[in-house]
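Colleague: What follows is a structure written as structure tokens; I'll ask about it next.
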Amino acid sequence: MREFTIGKNDAGQRLDRFVAKNMPLLPPALLQKYIRLKRIKVNGKGAKRDARLCPGDILQLYINDEFFDKPNGENLFLTLFQPKLDIVYEDENLLLADKRPGLVVHADETEKVNTLINHIQAYLYQKKEWSPRWENAFAPALCNRIDRNTGGIVIAAKNAETLRIVNEKIRNHELEKSYLCVTVGRPNPAAGKIEGFLLKDEAKKQVSFYRRPVPGGRSAVTLYRTLKSRGELSLVECRLLTGRTHQIRVSMAEIGCPLLGDGKYGNGSVNRKYRETRQALYSYKLAFPLPTDAGILSYLRGREFTVDHVPFREKYFPKD
């Protein structure tokens, strides 16, 4: 419990607005709940949210200490009163979340609060499974990233050992990530391997594909197979043997079948025709073959997890 004495400069303010101004990490909905539950009192008694504060009033706050901290990049998850997650799988070591298109995984120059990692941390905090104030607490962390406009499975580690193991398995290609995409055009052949070198232009945030090695280029290998075709569109499954920025988008464009909705590497007129502004790409399947020792994650060997709902698949290739 913490106490505040209301001074002359704060007199006349509404109770809820005073608390909100002085505790920016406290979500508005939780603030109103605490007032109703009388966890916020004025002079030892419960008060209504629109009560006007007077000089000398004693404000008593029965609220967790972390909400009194100043906002920073590590505690903004507290402001998410109702975290929104589509959980594919969860256990004591990790969580697999189906990230919706449009959501960033980490804070960037456009978004600080509404990020996947903040939703995951808020969820685990509210479950009382984790708190940043616990001694030697490990902050839940993401093991892989997905572009803002791409949806799919993201792995979150709940402890340092899981983070270490998953990162090692990703680096050694011991996890299998499969993507669904809709391409403009029919791949020829219908299934195959796309190999090349990708060179990223940091200034333009764009990647170029080369068939031969180039200075600064990184090797990229993508397996693909066509699942269905209908008119000018095809539903294609891709599996990454390497994990490079924009790899599937650039590779499919290289063979003349860019992704529907892709504004960087796609066909603008076709995108406008279908009114698609995001690339039709989804990381829909994650498998754990784990051919070598996986420590505390050995129980996942042979497991496979799949996203049930892929919006563009249902839109353009509904099940018969």
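Residue numbering restarts at 1 in every chain; chains get A, B, ... in the order shown in the structure tokens, and ligands count up from 1 in that same order.
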Excluding same-chain residues fewer than 2 positions from A:Phe197, what lies within 9 Å of it counting only C-alpha atoms, as an NGL selection string?
Modeller: :A and (195 or 199 or 208-214 or 217-221)
Colleague: What lies within 12 Å of A:Asn9 using only C-alpha atoms, ignoring chain neighbours under 3 positions off, as a list in words?
Modeller: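 Contacts, with the query itself left out: Thr5, Ile6, Gly12, Gln13, Phe18, Leu53, Cys54, Pro55 and Gly56 of chain A.
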Colleague: Could you check the closest approach to A:Asp57 for each of A:Pro215, A:Gly7, A:Gly268, A:Pro71 and tell me which residue wins, using only C-alpha atoms?
Modeller: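 Of all the options, A:Gly7 lies closest to A:Asp57.
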Colleague: Residues at most 10 Å from A:Ala139, counting only C-alpha atoms, excluding those fewer than 5 positions away in the same chain, as a count of residues only?
Modeller: 10
Colleague: Please, which residues in stretch 44-160 of chain A fall within 7 Å of stretch 281-299 of chain A when counting only C-alpha atoms, and what is the closest atom pair and distance in Å to one decimal for each, ordered by chain then residue number, as a tab-separated table?
Modeller:
residue	atom	partner	partner_atom	distance
A:Thr150	CA	A:Leu281	CA	5.6
A:Gly151	CA	A:Tyr282	CA	4.8
A:Gly152	CA	A:Ser283	CA	4.1
A:Ile153	CA	A:Ser283	CA	5.8
